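One file, start_16.txt, carrying compact mmCIF, C-alpha atoms:
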```txt
# COMPACT_ATOMS: atom_id res chain seq x y z
CA MET A 1 64.19 4.46 -3.63
CA ALA A 2 63.57 1.91 -6.32
CA ASP A 3 62.74 -0.87 -3.86
CA ASP A 4 60.45 1.32 -1.76
CA ILE A 5 57.78 2.80 -3.99
CA PHE A 6 55.03 4.92 -2.47
CA VAL A 7 51.67 4.00 -3.97
CA ILE A 8 48.22 5.49 -3.40
CA ALA A 9 45.27 3.83 -5.14
CA GLY A 10 47.55 2.25 -7.73
CA THR A 11 49.39 5.48 -8.52
CA GLU A 12 53.13 5.61 -7.81
CA PHE A 13 54.77 8.68 -6.32
CA ALA A 14 58.48 9.45 -6.38
CA SER A 15 58.27 11.50 -3.17
CA ARG A 16 56.72 10.77 0.21
CA LEU A 17 56.35 14.48 0.91
CA ILE A 18 53.06 16.06 -0.15
CA LEU A 19 53.09 19.82 -0.11
CA GLY A 20 50.22 22.14 0.69
CA THR A 21 50.53 25.44 -1.16
CA GLY A 22 48.64 27.60 1.36
CA GLY A 23 50.48 30.37 3.17
CA ALA A 24 53.19 31.07 0.60
CA PRO A 25 53.63 34.82 0.13
CA SER A 26 53.86 34.61 -3.67
CA MET A 27 53.69 32.25 -6.64
CA GLN A 28 57.46 32.63 -6.90
CA VAL A 29 57.81 31.11 -3.43
CA VAL A 30 55.38 28.32 -4.33
CA ASP A 31 57.55 27.51 -7.31
CA GLU A 32 60.72 27.54 -5.22
CA VAL A 33 59.34 25.24 -2.52
CA VAL A 34 57.90 22.81 -5.04
CA VAL A 35 61.35 22.47 -6.60
CA ALA A 36 63.27 22.35 -3.30
CA SER A 37 60.91 19.79 -1.72
CA GLN A 38 61.06 17.47 -4.75
CA THR A 39 57.39 16.77 -4.10
CA SER A 40 55.23 14.93 -6.62
CA MET A 41 51.86 16.14 -5.34
CA CYS A 42 50.54 19.48 -4.09
CA THR A 43 47.19 20.50 -2.65
CA VAL A 44 45.06 23.45 -3.70
CA ALA A 45 41.79 24.91 -2.40
CA MET A 46 38.68 25.99 -4.32
CA ARG A 47 37.47 29.56 -3.85
CA ARG A 48 35.26 32.10 -5.58
CA ALA A 49 36.95 33.40 -8.71
CA ASP A 50 37.32 37.14 -9.05
CA ALA A 51 37.08 38.60 -12.54
CA GLY A 52 40.54 39.17 -13.86
CA THR A 53 42.14 36.33 -11.92
CA ARG A 54 45.18 35.45 -14.00
CA GLY A 55 48.44 33.57 -13.55
CA SER A 56 47.10 30.89 -11.27
CA ILE A 57 48.59 28.35 -8.92
CA ILE A 58 47.60 25.75 -11.50
CA ASP A 59 50.00 27.24 -14.05
CA VAL A 60 52.86 26.98 -11.56
CA LEU A 61 52.08 23.37 -10.61
CA ASP A 62 51.41 22.25 -14.19
CA GLN A 63 54.72 23.70 -15.26
CA ARG A 64 56.54 21.67 -12.61
CA GLY A 65 54.65 18.51 -13.52
CA VAL A 66 53.33 17.78 -10.03
CA ARG A 67 50.00 16.12 -9.45
CA ILE A 68 47.31 18.45 -8.10
CA LEU A 69 45.20 17.31 -5.16
CA PRO A 70 42.23 19.63 -4.55
CA ASN A 71 40.96 19.93 -1.00
CA THR A 72 37.65 20.85 0.60
CA ALA A 73 39.20 23.25 3.11
CA GLY A 74 36.76 25.47 4.93
CA CYS A 75 33.82 23.09 4.60
CA ARG A 76 31.85 22.48 7.80
CA THR A 77 29.26 19.98 6.59
CA ALA A 78 29.22 16.86 4.44
CA HIS A 79 26.90 18.68 2.03
CA GLU A 80 29.39 21.53 1.49
CA ALA A 81 32.30 19.14 1.17
CA VAL A 82 30.56 16.98 -1.44
CA LEU A 83 29.65 20.02 -3.56
CA THR A 84 33.17 21.41 -3.26
CA ALA A 85 34.66 18.07 -4.30
CA GLN A 86 32.32 17.99 -7.29
CA LEU A 87 33.44 21.49 -8.28
CA ALA A 88 37.08 20.52 -7.89
CA ARG A 89 36.52 17.45 -10.06
CA GLU A 90 35.17 19.61 -12.89
CA ALA A 91 37.81 22.31 -12.39
CA LEU A 92 40.83 20.03 -12.33
CA GLU A 93 39.52 16.93 -14.08
CA THR A 94 40.56 14.64 -11.24
CA ASP A 95 38.41 12.50 -8.99
CA TRP A 96 41.04 12.64 -6.25
CA VAL A 97 40.15 14.81 -3.29
CA LYS A 98 41.68 15.67 0.04
CA LEU A 99 38.55 15.63 2.14
CA GLU A 100 38.45 18.20 4.95
CA VAL A 101 35.37 18.81 7.05
CA VAL A 102 36.24 20.88 10.08
CA ALA A 103 34.19 21.58 13.18
CA ASP A 104 35.15 25.18 13.94
CA GLU A 105 37.59 27.91 13.01
CA ARG A 106 39.41 27.99 16.34
CA THR A 107 40.64 24.40 16.35
CA LEU A 108 40.10 23.42 12.69
CA LEU A 109 39.69 19.89 14.03
CA PRO A 110 37.88 17.45 11.76
CA ASP A 111 34.19 16.89 12.55
CA PRO A 112 34.16 13.08 12.61
CA ILE A 113 30.42 12.68 11.98
CA GLU A 114 30.34 14.97 8.94
CA LEU A 115 33.69 13.63 7.70
CA LEU A 116 32.58 10.01 7.64
CA ASP A 117 29.28 10.95 6.02
CA ALA A 118 31.06 12.97 3.31
CA ALA A 119 33.61 10.20 2.72
CA GLU A 120 30.88 7.62 2.22
CA ARG A 121 28.96 9.83 -0.21
CA LEU A 122 32.05 10.76 -2.23
CA VAL A 123 33.24 7.15 -2.53
CA ALA A 124 29.75 6.24 -3.77
CA GLN A 125 30.10 8.96 -6.42
CA GLY A 126 33.37 7.52 -7.68
CA PHE A 127 35.80 9.86 -5.92
CA THR A 128 39.24 8.78 -4.75
CA VAL A 129 39.07 10.06 -1.20
CA LEU A 130 42.00 11.01 1.04
CA PRO A 131 40.47 12.22 4.31
CA TYR A 132 42.13 14.61 6.76
CA THR A 133 41.16 13.00 10.04
CA ASN A 134 41.69 13.09 13.78
CA ASP A 135 44.42 10.93 15.31
CA ASP A 136 41.69 8.47 16.24
CA PRO A 137 42.38 4.82 15.31
CA VAL A 138 38.69 3.93 15.32
CA LEU A 139 37.72 6.75 12.97
CA ALA A 140 40.66 5.85 10.72
CA ARG A 141 39.33 2.28 10.59
CA ARG A 142 35.82 3.47 9.74
CA LEU A 143 37.13 5.71 6.96
CA GLN A 144 38.92 2.74 5.42
CA GLN A 145 35.80 0.63 5.72
CA VAL A 146 33.79 3.12 3.65
CA GLY A 147 36.43 3.00 0.91
CA CYS A 148 38.94 5.80 1.48
CA VAL A 149 42.24 5.13 -0.32
CA ALA A 150 44.39 6.64 2.45
CA VAL A 151 43.94 8.06 5.93
CA MET A 152 45.54 11.34 6.90
CA PRO A 153 45.61 11.79 10.67
CA LEU A 154 46.72 15.08 12.17
CA GLY A 155 49.81 15.39 14.32
CA SER A 156 48.31 18.48 15.96
CA PRO A 157 45.90 21.18 14.75
CA ILE A 158 46.44 22.82 11.36
CA GLY A 159 49.01 25.59 11.35
CA THR A 160 50.08 25.16 14.97
CA GLY A 161 53.47 23.60 14.32
CA LEU A 162 53.09 21.69 17.58
CA GLY A 163 54.33 18.44 16.08
CA ILE A 164 52.89 15.01 16.85
CA HIS A 165 50.83 15.15 20.04
CA ASN A 166 49.89 11.51 20.25
CA PRO A 167 52.56 9.31 18.68
CA HIS A 168 50.99 6.24 20.24
CA ASN A 169 47.74 6.81 18.36
CA ILE A 170 49.61 7.37 15.10
CA GLU A 171 51.42 4.04 15.66
CA LEU A 172 48.09 2.34 16.37
CA ILE A 173 46.60 3.73 13.15
CA VAL A 174 49.66 2.57 11.21
CA SER A 175 49.64 -0.88 12.78
CA GLU A 176 46.20 -1.77 11.51
CA ALA A 177 45.99 0.35 8.33
CA GLN A 178 45.22 -1.39 5.04
CA VAL A 179 45.83 1.84 3.11
CA PRO A 180 48.64 4.43 3.21
CA VAL A 181 48.79 6.59 6.34
CA ILE A 182 49.79 10.19 5.66
CA LEU A 183 50.59 12.42 8.63
CA ASP A 184 48.75 15.64 7.85
CA ALA A 185 48.89 18.87 9.87
CA GLY A 186 50.84 20.07 12.84
CA ILE A 187 54.36 19.59 11.49
CA GLY A 188 56.56 22.44 12.72
CA THR A 189 60.05 21.46 11.75
CA ALA A 190 62.10 18.71 10.15
CA SER A 191 62.30 16.46 13.24
CA ASP A 192 58.48 16.28 13.35
CA ALA A 193 58.41 15.00 9.77
CA ALA A 194 61.16 12.48 10.52
CA LEU A 195 59.24 11.26 13.58
CA ALA A 196 56.09 10.77 11.50
CA MET A 197 58.01 8.50 9.16
CA GLU A 198 59.76 6.68 12.02
CA LEU A 199 56.34 5.94 13.51
CA GLY A 200 55.51 4.16 10.26
CA CYS A 201 53.57 6.73 8.30
CA ASP A 202 53.84 6.27 4.55
CA ALA A 203 54.08 9.97 3.80
CA VAL A 204 53.81 13.46 5.27
CA LEU A 205 51.59 16.32 4.12
CA LEU A 206 52.58 19.79 5.30
CA ALA A 207 52.16 23.40 4.24
CA SER A 208 52.70 26.11 6.86
CA ALA A 209 55.93 24.62 8.19
CA VAL A 210 57.46 25.34 4.79
CA THR A 211 55.45 28.20 3.34
CA ARG A 212 55.62 30.31 6.51
CA ALA A 213 59.24 29.49 7.39
CA GLN A 214 61.69 32.37 7.27
CA GLN A 215 63.46 30.62 4.38
CA PRO A 216 60.72 28.54 2.69
CA ALA A 217 62.88 26.85 0.07
CA MET A 218 65.51 25.91 2.64
CA MET A 219 62.86 24.42 4.91
CA ALA A 220 61.37 22.55 1.94
CA ALA A 221 64.75 20.92 1.35
CA ALA A 222 65.01 20.13 5.07
CA MET A 223 61.61 18.44 5.01
CA ALA A 224 62.56 16.37 1.98
CA SER A 225 65.66 15.13 3.80
CA ALA A 226 63.72 14.51 7.02
CA VAL A 227 61.08 12.41 5.28
CA GLN A 228 63.77 10.35 3.56
CA ALA A 229 65.75 9.93 6.78
CA GLY A 230 62.68 8.96 8.79
CA ARG A 231 61.62 6.44 6.18
CA LEU A 232 65.07 4.85 6.09
CA ALA A 233 65.19 4.69 9.88
CA ARG A 234 61.78 3.02 10.00
CA ARG A 235 62.81 0.43 7.45
CA ALA A 236 66.19 -0.10 9.11
CA GLY A 237 64.56 -0.92 12.44
CA ARG A 238 65.55 1.12 15.44
CA ILE A 239 67.15 -0.43 18.54
CA PRO A 240 64.86 -1.02 21.49
CA ARG A 241 64.80 1.58 24.25
CA ARG A 242 66.59 0.31 27.40
CA HIS A 243 66.51 1.50 30.98
CA HIS A 244 70.19 0.95 31.55
CA ALA A 245 73.35 1.46 29.56
CA GLN A 246 74.71 -1.23 27.28
CA ALA A 247 78.36 -0.90 26.32
CA SER A 248 79.11 -0.92 22.64
CA SER A 249 82.81 -1.65 23.23
CA PRO A 250 83.64 -5.25 24.22
CA ILE A 251 83.85 -6.06 27.93
CA GLU A 252 86.36 -8.88 27.38
CA GLY A 253 90.05 -8.24 26.92
CA MET A 254 90.34 -5.19 29.11
CA ALA A 255 93.89 -4.49 30.23
CA VAL A 256 94.60 -5.09 33.92
CA LEU A 257 96.03 -1.80 35.09
CA MET B 1 19.49 39.59 -18.46
CA GLN B 2 20.81 39.60 -14.94
CA LEU B 3 22.70 36.87 -13.11
CA ILE B 4 23.88 36.68 -9.51
CA ILE B 5 27.54 35.78 -9.88
CA ASN B 6 29.41 35.01 -6.67
CA GLY B 7 26.83 37.01 -4.75
CA ALA B 8 26.85 40.14 -6.96
CA ILE B 9 24.19 41.11 -9.53
CA ARG B 10 25.64 41.42 -13.02
CA THR B 11 24.08 42.24 -16.35
CA VAL B 12 25.09 39.91 -19.17
CA GLU B 13 24.00 39.27 -22.75
CA ASP B 14 20.96 37.05 -23.29
CA ALA B 15 21.48 33.37 -24.13
CA LEU B 16 24.99 33.40 -22.64
CA THR B 17 26.43 29.92 -22.25
CA LEU B 18 28.19 28.80 -19.11
CA LYS B 19 31.37 28.17 -21.10
CA ARG B 20 31.39 31.74 -22.43
CA LEU B 21 30.77 33.11 -18.96
CA LEU B 22 33.71 31.15 -17.55
CA GLU B 23 35.98 32.23 -20.38
CA ASP B 24 34.90 35.88 -20.20
CA HIS B 25 35.11 35.99 -16.43
CA LEU B 26 38.31 34.03 -15.92
CA GLY B 27 40.08 33.97 -19.26
CA ALA B 28 40.57 30.21 -19.10
CA THR B 29 38.68 27.22 -17.78
CA ARG B 30 41.58 25.09 -16.46
CA GLY B 31 41.22 25.13 -12.68
CA SER B 32 37.73 26.61 -12.73
CA ALA B 33 34.23 25.26 -12.24
CA ALA B 34 30.69 26.46 -11.76
CA ALA B 35 27.56 25.67 -9.81
CA VAL B 36 24.19 26.99 -11.01
CA ASP B 37 21.45 27.31 -8.41
CA GLY B 38 23.35 24.99 -6.08
CA GLU B 39 24.06 22.25 -8.63
CA VAL B 40 27.51 21.56 -10.03
CA VAL B 41 27.46 21.57 -13.84
CA PRO B 42 29.74 18.95 -15.44
CA ARG B 43 32.51 20.38 -17.62
CA GLY B 44 31.17 18.50 -20.65
CA ASP B 45 27.85 20.35 -20.39
CA TRP B 46 29.24 23.91 -20.23
CA GLN B 47 29.15 24.52 -23.98
CA ALA B 48 25.49 23.66 -24.32
CA TYR B 49 24.36 25.15 -21.01
CA VAL B 50 22.42 28.36 -21.74
CA LEU B 51 21.98 30.55 -18.69
CA SER B 52 18.65 32.10 -17.71
CA ASP B 53 17.76 35.42 -16.09
CA GLY B 54 18.01 35.42 -12.30
CA GLN B 55 20.14 32.33 -11.88
CA HIS B 56 22.63 32.13 -9.03
CA ILE B 57 26.08 31.22 -10.30
CA GLU B 58 29.05 30.28 -8.16
CA LEU B 59 32.29 30.52 -10.14
CA LEU B 60 35.21 28.87 -8.40
CA THR B 61 38.85 28.51 -9.17
CA ALA B 62 41.79 26.72 -7.65
CA VAL B 63 43.83 28.84 -5.24
CA GLN B 64 46.76 28.20 -2.91
CA GLY B 65 45.63 26.03 -0.03
CA GLY B 66 45.99 23.11 2.25
```
The structure given in the file should be rewritten as structure tokens.
Amino acid sequence: MADDIFVIAGTEFASRLILGTGGAPSMQVVDEVVVASQTSMCTVAMRRADAGTRGSIIDVLDQRGVRILPNTAGCRTAHEAVLTAQLAREALETDWVKLEVVADERTLLPDPIELLDAAERLVAQGFTVLPYTNDDPVLARRLQQVGCVAVMPLGSPIGTGLGIHNPHNIELIVSEAQVPVILDAGIGTASDAALAMELGCDAVLLASAVTRAQQPAMMAAAMASAVQAGRLARRAGRIPRRHHAQASSPIEGMAVL
Amino acid sequence: MQLIINGAIRTVEDALTLKRLLEDHLGATRGSAAAVDGEVVPRGDWQAYVLSDGQHIELLTAVQGG
């Protein structure tokens, strides 16, 4: 909407849905979900290149004109994450990075100590840092203090599709954030994305919910609608929850029967 | 000379530049980057960077993720 522009670090985005490309069964599906989601930014990972690698994800995203946000997925330490971000900067000629530093493979939860350390080092090196973080308001505050341009708390662990486990914490993070809050990870279906926006998040980042859906392009369109609906509902201001019923039809003027 | 590229020993021509290696290995450099002996080499230095025997090269490229 023209009066509701989404801005990260001075850059405007037409969509509040950021799409991860992981999990899609083919480049054709990536292309279809990018189009159906109407996203303006997609994430990619950095991995060892095999000789003969051709027809890359980059070609697909460049062709659709979406911004590419490299991540540091798989990194366990600040050292690894900083090196991976440096590689991504050279590879994609962007200083933007989705910073991920996870503690273990089973939970893929962010390691807060390594994450904050990496964020501080990357900001000092001129990176524009968007950290994937726990739904911890204090850590979100610390990440902003070291210069991150957004905070991206999880709804629930990556790939679980369990939705938003702690809506109260997400609201707390939103209520004191000085930078955009992007709900990242755990989205399972459209209502989860709508809830994220209703809680006040500025955007949603999701991958598996779309790329591993039975009909990826259809789910991408559903997510786009959900994010828009949730944003409108947030701006419109929901009615307060009440314990007892409140008639919407007038009490006065009832017929005496 | 020999280089260790992504963990595998490979024989390459002497005085190979990093830019040539990236182009030969990947066909294009958009989306790709390299670290030599644990240090990331800036894109602007690839042309002039002459590789030496025994160096450990990590060649990375952007893939679907996140």
query = Closest to chain B among A:Leu206, A:Val123, A:Leu108, A:Val174, using all atoms listed in the file?
reply =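 With all atoms listed in the file as the atom set, the closest residue is A:Leu206.
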ask   = Of the candidates B:Leu51, B:Ala28, B:Pro42, B:Asp37, which shows the shortest atom-to-atom distance to Ala15 (chain B), using all atoms listed in the file?
value =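 Residue with the minimum atom-to-atom distance to Ala15 (chain B): B:Leu51.
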key: Among the residues A:Phe127, A:Pro167, A:Ile5, A:Ser225, the one that comes closest to Gln38 (chain A) [using all atoms listed in the file]   = A:Ser225
task = Between A:Ile18, A:Ala226, A:Leu87, A:Ala118, single out the one closest to Leu99 (chain A), counting all atoms listed in the file.
result = A:Ala118
inquiry  = Distance cut-off 9 Å, centre (31.1, 19.3, -13.8) in file coordinates, counting only C-alpha atoms: which residues qualify? Return them as a list in words.
reply    =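 Within 9 Å of (31.1, 19.3, -13.8), the protein and nucleic acid residues are Gln86, Leu87, Ala88, Arg89, Glu90, Ala91 and Glu93 of chain A; Ala33, Ala34, Ala35, Val40, Val41, Pro42, Arg43, Gly44, Asp45 and Trp46 of chain B.
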Write out as JSON lines a residue-level contact list of chain B versus chain A with cut-off 7 Å: for each qualifying residue the closest pair of atoms and the distance in Å to one decimal, counting all atoms listed in the file, rows sorted by chain and residue number upward.
```
{"residue": "B:Asn6", "atom": "CA", "partner": "A:Arg48", "partner_atom": "CA", "distance": 6.6}
{"residue": "B:His25", "atom": "CA", "partner": "A:Ala51", "partner_atom": "CA", "distance": 5.1}
{"residue": "B:Leu26", "atom": "CA", "partner": "A:Ala51", "partner_atom": "CA", "distance": 5.8}
{"residue": "B:Arg30", "atom": "CA", "partner": "A:Ala91", "partner_atom": "CA", "distance": 6.2}
{"residue": "B:Gly31", "atom": "CA", "partner": "A:Ala91", "partner_atom": "CA", "distance": 4.4}
{"residue": "B:Ser32", "atom": "CA", "partner": "A:Ala91", "partner_atom": "CA", "distance": 4.3}
{"residue": "B:Ala33", "atom": "CA", "partner": "A:Ala91", "partner_atom": "CA", "distance": 4.6}
{"residue": "B:Ala34", "atom": "CA", "partner": "A:Leu87", "partner_atom": "CA", "distance": 6.7}
{"residue": "B:Val40", "atom": "CA", "partner": "A:Leu87", "partner_atom": "CA", "distance": 6.2}
{"residue": "B:Pro42", "atom": "CA", "partner": "A:Glu90", "partner_atom": "CA", "distance": 6.0}
{"residue": "B:Arg43", "atom": "CA", "partner": "A:Glu90", "partner_atom": "CA", "distance": 5.5}
{"residue": "B:Glu58", "atom": "CA", "partner": "A:Arg48", "partner_atom": "CA", "distance": 7.0}
{"residue": "B:Leu59", "atom": "CA", "partner": "A:Ala49", "partner_atom": "CA", "distance": 5.7}
{"residue": "B:Leu60", "atom": "CA", "partner": "A:Arg48", "partner_atom": "CA", "distance": 4.3}
{"residue": "B:Thr61", "atom": "CA", "partner": "A:Ala49", "partner_atom": "CA", "distance": 5.3}
{"residue": "B:Ala62", "atom": "CA", "partner": "A:Met46", "partner_atom": "CA", "distance": 4.6}
{"residue": "B:Val63", "atom": "CA", "partner": "A:Ala45", "partner_atom": "CA", "distance": 5.3}
{"residue": "B:Gln64", "atom": "CA", "partner": "A:Gly22", "partner_atom": "CA", "distance": 4.7}
{"residue": "B:Gly65", "atom": "CA", "partner": "A:Gly22", "partner_atom": "CA", "distance": 3.7}
{"residue": "B:Gly66", "atom": "CA", "partner": "A:Gly20", "partner_atom": "CA", "distance": 4.6}
```
request  = List every protein, DNA or RNA residue that has an atom no more than 6 Å from (61.1, 14.4, 7.9) in the file's coordinate frame, counting all atoms listed in the file, and report them as a VMD selection string.
outcome  = chain A and resid 190 to 191 193 to 194 223 226 to 227 230
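Proximity ranking of A:Ala213, A:Met152, A:Ala221, A:Met41 relative to Thr11 (chain A) places A:Met41 first, based on all atoms listed in the file.
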request  = Between CA of Thr133 (chain A) and CA of Asp111 (chain A), measure the distance and give it in Å to one decimal.
outcome  =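 Taking CA of Thr133 (chain A) as the start and CA of Asp111 (chain A) as the end point, the length is 8.4 Å.
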message = Here is a test: counting all atoms listed in the file, which residue of B:Met1, B:Val36, B:Leu16, B:Leu22 is nearest to Ile57 (chain B)?
response =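 Under the stated criterion, the closest residue is B:Val36.
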Axis-aligned box for region 21-31 of chain B, 4 Å per side, centre and edges in Å as JSON:
```
{"center_x": 36.2, "center_y": 30.5, "center_z": -16.5, "size_x": 18.8, "size_y": 18.9, "size_z": 15.7}
```
key: Å distance separating CA of Asn134 (chain A) from CA of Arg235 (chain A), one decimal place   =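 Value for the CA of Asn134 (chain A)-CA of Arg235 (chain A) distance: 25.4 Å.
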note = Computed gap from CA of Gly186 (chain A) to CA of Ile113 (chain A) is 21.7 Å
10 Å contact set for Arg10 (chain B), all atoms listed in the file, chain neighbours under 5 positions out, as a PyMOL selection string = chain B and resi 1-5+54
key: Distance query Leu130 (chain A) at most 10 Å, only C-alpha atoms, self and fewer than 5 positions along chain excluded, as a PyMOL selection string   = chain A and resi 8+69+71+96-100+119+143-144+147-152+180-182
